[in-house]
Structures are given as C-alpha cells and as structure tokens.
Amino acid sequence: MARLTLDDLKKIKEKQKSTFTLREGGYRAKITVHMGTCGIAAGARDIMTALMDEISLGKVEDVITTTSGCAGLCAREPMVTVEIMNKPPVKYGDLTDAKIREIFKEHIMGGTPVDKYALVIGSETTY
Amino acid sequence: MEDLSLHILDIAENAITAGATRITIRIVEDLDANLFLMEISDNGRGMDKEMYEHACDPFYTTRTTRKVGLGIPLLAQAARDCRGDIKIKTEKGKGSAITATFQYNHIDRKPLGDIEKTMIVLIASNPDIDFVLEHKKNSEWYVLDTSEIKKELGDVPINNMEVIKIIKDDIRAWLNQVNNMIK
C-alpha cells in the first residue's frame with residue numbers, strides 16, 4: 001500500500017532548496033474562498049480544489065489561497081475575493097469549477113478581471 | 001450539505017475562527033456496533049455559557065454579517081435524522097469538541113464523501129495550524145498528523161503543492177484500501 005514516507009518528503013525538500021529563494025519576495029495575488037456554512041453547502045470546497053489544481057498545474061509560485069467566513073451574501077455563494085497587489089479587490093459569485101478556472105487564467109494570471117462573473121469591484125476587502 | 005466530510009469542513013472552520021492551533025478530526029466507523037461517529041476537537045478559545053447554550057439554535061450566531069448560524073444546527077439535524085445526536089464539550093480558554101453520532105446503516109445517513117478534499121483544503125489554507133486525522137474503520141486505523149510532517153519538511157511550507165498532493169494521495173490510498181476490504 002502507498003503510504004506517506006520520509007523519503008517522499010526528503011525528495012521535495014531537496015528539490016525546494018533550489019527554488020526557495022524565488023518565493024521570499026512574498027506573493028503577487030491572494031485568493032480568498034468564502035467558507036462559511038453557506039459557501040461550503042454551495043460548493044466552496046470544489047472551488048478551492050479547482051484553484052489548488054490550477055496553481056499546481058501551472059507551477060504558480062506567487063499566488064496564495066486562503067479561506068474566510070461568510071461575507072453576508074449567502075445566495076450568491078460560492079464566492080471568492082481576488083486581490084492582486086496594488087489593484088482593487090474583486091468579488092466573484094455564483095461560481096462553478098469552469099468559471100473559477102476561467103477567472104484564474106484571465107484575472108489572476110492575465111490581470112484582467114472577468115466582468116461577467118464579478119459582483120463587486122473595489123471598496124471591500126477581506127476580513 | 002451533501003456529505004459528512006462537508007460538515008467536518010464546516011465545523012473545522014469554526015475551530016479556525018476560534019483561534020485553534022491544533023485541530024483533531026476523529027472518524028470511527030464501527031459496523032459491528034452499527035455506529036458512525038465523528039468528532040472535531042480543537043484548542044481554540046472555547047465557548048462561554050451563553051454561546052454553549054445557544055450553539056444548536058439556528059438564530060444565534062457570533063458573526064455580524066448575517067443573523068443566522070446554521071453550521072451546528074445542520075449537523076445536529078443530519079445526526080438526529082439517523083437516530084444519532086450531537087454532543088458538545090467546551091471549556092472557555094481551553095477548546096471545544098463536537099461529536100456527532102449516526103446509526104451506520106440508516107437509510108438517511110449521508111456518506112462520508114471526499115474527506116481527503118476536506119483535509120487538503122484545511123491544511124493548504126491554514127499552514128500555521130496543525131491538523132490531525134484519525135480514521136478508524138472496524139479494526140483498521142489511519143492517522144495523519146501534519147505537525148510530524150512539518151518537522152520532516154523543515155523550511156519547506158506544508159502548503160507546497162507537491163506536499164499537498166502527497167498528503168491527498170496518502171489519504172486516498174488508505175480509503176481505497178479500507179473500503180475495498182472484504183469483510
């Protein structure tokens with residue numbers, strides 16, 4: 001049976017040594033997935049899984065993901081807030097796996113907010 | 001909530017909000033006793049008397065963004081629908097433990113679902129918190145403790161995507177093994 005072994009972890013550790021300095025500058029973008037009861041019931045876990053998948057597939061080093069509670073707009077869950085350094089934050093709602101992957105490519109990697117899925121641009125920050 | 005692993009994620013989010021640094025998720029599937037049990041315990045700030053008394057009241061919530069709090073009430077309903085119940089133990093300043101029990105073979109009992117997704121979402125989003133998953137099915141055991149993994153990793157962050165993938169595959173391998181076992 002496959003089991004987590006120390007060797008697996010050591011291999012990663014060795015590999016990371018070479019790339020580690022690259023990330024010390026911090027991150028360029030932060031994606032917050034709203035994980036209140038409402039968000040989770042509406043599918044927030046799959047949204048986060050899709051984001052982690054995109055980050056992993058694209059070997060993206062400067063984007064971090066985090067979670068927060070309910071933002072008060074339960075009917076529009078699943079929601080995420082995208083904050084790109086020095087740009088106003090953008091909240092997206094009614095997300096699906098396909099929509100969040102599109103947002104990842106267009107907004108987070110490309111820098112252009114996806115207006116058709118955006119709920120709010122600017123003014124609000126995550127908490 | 002479609003499955004029990006989503007309830008676990010929801011309750012664990014409460015523990016994170018409570019400032020926990022270590023969260024333990026225990027799942028016991030005991031087919032001989034016809035019991036499914038899950039417990040989420042943390043070392044967060046715990047609840048005071050008022051909060052504890054209102055924990056199962058959907059119209060009580062500590063948040064300010066809306067007036068209802070459904071996490072615990074939904075879990076309580078899911079358990080009670082299956083001849084089970086929930087139990088809350090809490091001590092102010094020490095932490096909380098929420099235990100939900102279900103009749104294992106009850107027709108309304110939701111499946112456990114993708115517990116590996118719940119774990120990696122928690123671990124990757126909260127690298128500073130230690131997570132423990134203890135899963136017992138009949139006589140088989142599985143334990144994952146991220147504090148032990150962190151010790152081995154040294155400078156490499158636990159939310160490094162390669163580490164996350166190893167953790168996910170490890171949980172999946174355990175589930176495949178234990179769920180395909182012939183009784």
# chains A, B, ... in the order shown; residues from 1 in each chain; ligands from 1

call {"tool": "residues_around", "arguments": {"residues": "stretch 4-18 of chain A", "least_positions_apart": "3", "cutoff": "12 Å", "atoms": "only C-alpha atoms", "output": "PyMOL selection string"}}
result
(chain A and resi 1+21-23+61) or (chain B and resi 142-146+148-158+160-174)

call {"tool": "closest_atom_pairs", "arguments": {"of": "chain A", "to": "chain B", "cutoff": "6 Å", "atoms": "only C-alpha atoms", "output": "tab-separated table"}}
result
residue	atom	partner	partner_atom	distance
A:Arg3	CA	B:Asp170	CA	5.6
A:Leu4	CA	B:Asp170	CA	5.8
A:Thr37	CA	B:Gly71	CA	5.5
A:Ala41	CA	B:Met1	CA	4.9
A:Ser56	CA	B:Met161	CA	5.8
A:Thr66	CA	B:Ser125	CA	4.6
A:Gly72	CA	B:Thr65	CA	4.9

call {"tool": "write_last_selection", "arguments": {"atoms": "C-alpha atoms", "output": "PDB file, in the first residue's frame"}}
result
ATOM      1  CA  ARG A   3       1.994   5.321   2.355  1.00  0.00           C
ATOM      2  CA  LEU A   4       3.470   8.662   3.131  1.00  0.00           C
ATOM      3  CA  THR A  37     -21.682  27.149   6.126  1.00  0.00           C
ATOM      4  CA  ALA A  41     -23.052  23.916   1.193  1.00  0.00           C
ATOM      5  CA  SER A  56      -0.280  23.092  -9.118  1.00  0.00           C
ATOM      6  CA  THR A  66      -6.916  31.267   1.923  1.00  0.00           C
ATOM      7  CA  GLY A  72     -23.209  38.115   4.052  1.00  0.00           C
TER       8      GLY A  72
END

call {"tool": "select_by_dssp", "arguments": {"residues": "chain A", "states": "strand (DSSP E or B)", "output": "number ranges by chain"}}
result
A: 29-34, 63-68, 80-84, 90-92, 118-121

call {"tool": "residues_around", "arguments": {"residues": "stretch 105-114 of chain B", "least_positions_apart": "2", "cutoff": "7 Å", "atoms": "only C-alpha atoms", "output": "list in words"}}
result
Asp3, Leu4, Ser5, Asn34, Asp81, Cys82, Phe102, Gln103, Glu116, Lys117 and Thr118 of chain B

call {"tool": "atom_distance", "arguments": {"atom1": "atom CA of B:Thr21", "atom2": "atom CA of B:Gly84"}}
result
29.2 Å

call {"tool": "residues_around", "arguments": {"residues": "A:Val114", "least_positions_apart": "2", "cutoff": "10 Å", "atoms": "only C-alpha atoms", "output": "list in words"}}
result
Val90, Tyr92, Lys99, Glu102, Ile103, Phe104, Lys105, Glu106, His107, Ile108, Gly111, Thr112, Lys116, Tyr117 and Ala118 of chain A

call {"tool": "closest_residue", "arguments": {"among": "B:Ile115, B:Thr90, B:Phe59, B:Asn138", "to": "B:Asp32", "atoms": "only C-alpha atoms"}}
result
B:Asn138

call {"tool": "residues_around", "arguments": {"residues": "A:Leu119", "least_positions_apart": "6", "cutoff": "12 Å", "atoms": "only C-alpha atoms", "output": "ChimeraX atom specification"}}
result
/A:73,76-82,89-95,113

call {"tool": "write_last_selection", "arguments": {"atoms": "C-alpha atoms", "output": "PDB file, in the first residue's frame"}}
result
ATOM      1  CA  LEU A  73     -24.322  37.290   0.510  1.00  0.00           C
ATOM      2  CA  ARG A  76     -24.556  34.175  -4.318  1.00  0.00           C
ATOM      3  CA  GLU A  77     -22.207  31.527  -2.948  1.00  0.00           C
ATOM      4  CA  PRO A  78     -19.772  30.055  -3.790  1.00  0.00           C
ATOM      5  CA  MET A  79     -17.850  33.308  -3.751  1.00  0.00           C
ATOM      6  CA  VAL A  80     -14.190  34.272  -3.902  1.00  0.00           C
ATOM      7  CA  THR A  81     -12.343  37.539  -3.473  1.00  0.00           C
ATOM      8  CA  VAL A  82      -9.348  38.108  -5.709  1.00  0.00           C
ATOM      9  CA  PRO A  89     -10.105  43.605  -4.850  1.00  0.00           C
ATOM     10  CA  VAL A  90     -12.767  41.865  -6.937  1.00  0.00           C
ATOM     11  CA  LYS A  91     -15.536  39.636  -5.541  1.00  0.00           C
ATOM     12  CA  TYR A  92     -16.966  36.913  -7.747  1.00  0.00           C
ATOM     13  CA  GLY A  93     -20.170  34.988  -7.071  1.00  0.00           C
ATOM     14  CA  ASP A  94     -22.251  32.011  -8.275  1.00  0.00           C
ATOM     15  CA  LEU A  95     -19.040  30.172  -9.119  1.00  0.00           C
ATOM     16  CA  PRO A 113     -10.969  40.994 -14.173  1.00  0.00           C
TER      17      PRO A 113
END

call {"tool": "closest_residue", "arguments": {"among": "A:Arg28, A:Lys59, A:His34, A:Arg101", "to": "A:Cys74", "atoms": "only C-alpha atoms"}}
result
A:His34

call {"tool": "select_by_dssp", "arguments": {"residues": "stretch 3-100 of chain A", "states": "helix (DSSP H, G or I)", "output": "count of residues only"}}
result
47

call {"tool": "atom_distance", "arguments": {"atom1": "atom CA of B:Ala12", "atom2": "atom CA of A:Thr96"}}
result
23.1 Å

call {"tool": "closest_residue", "arguments": {"among": "B:Pro73, B:Ile27, B:Arg22, B:Lys89", "to": "B:Trp141", "atoms": "only C-alpha atoms"}}
result
B:Ile27

call {"tool": "atom_distance", "arguments": {"atom1": "atom CA of A:Ile31", "atom2": "atom CA of B:Met119"}}
result
18.6 Å
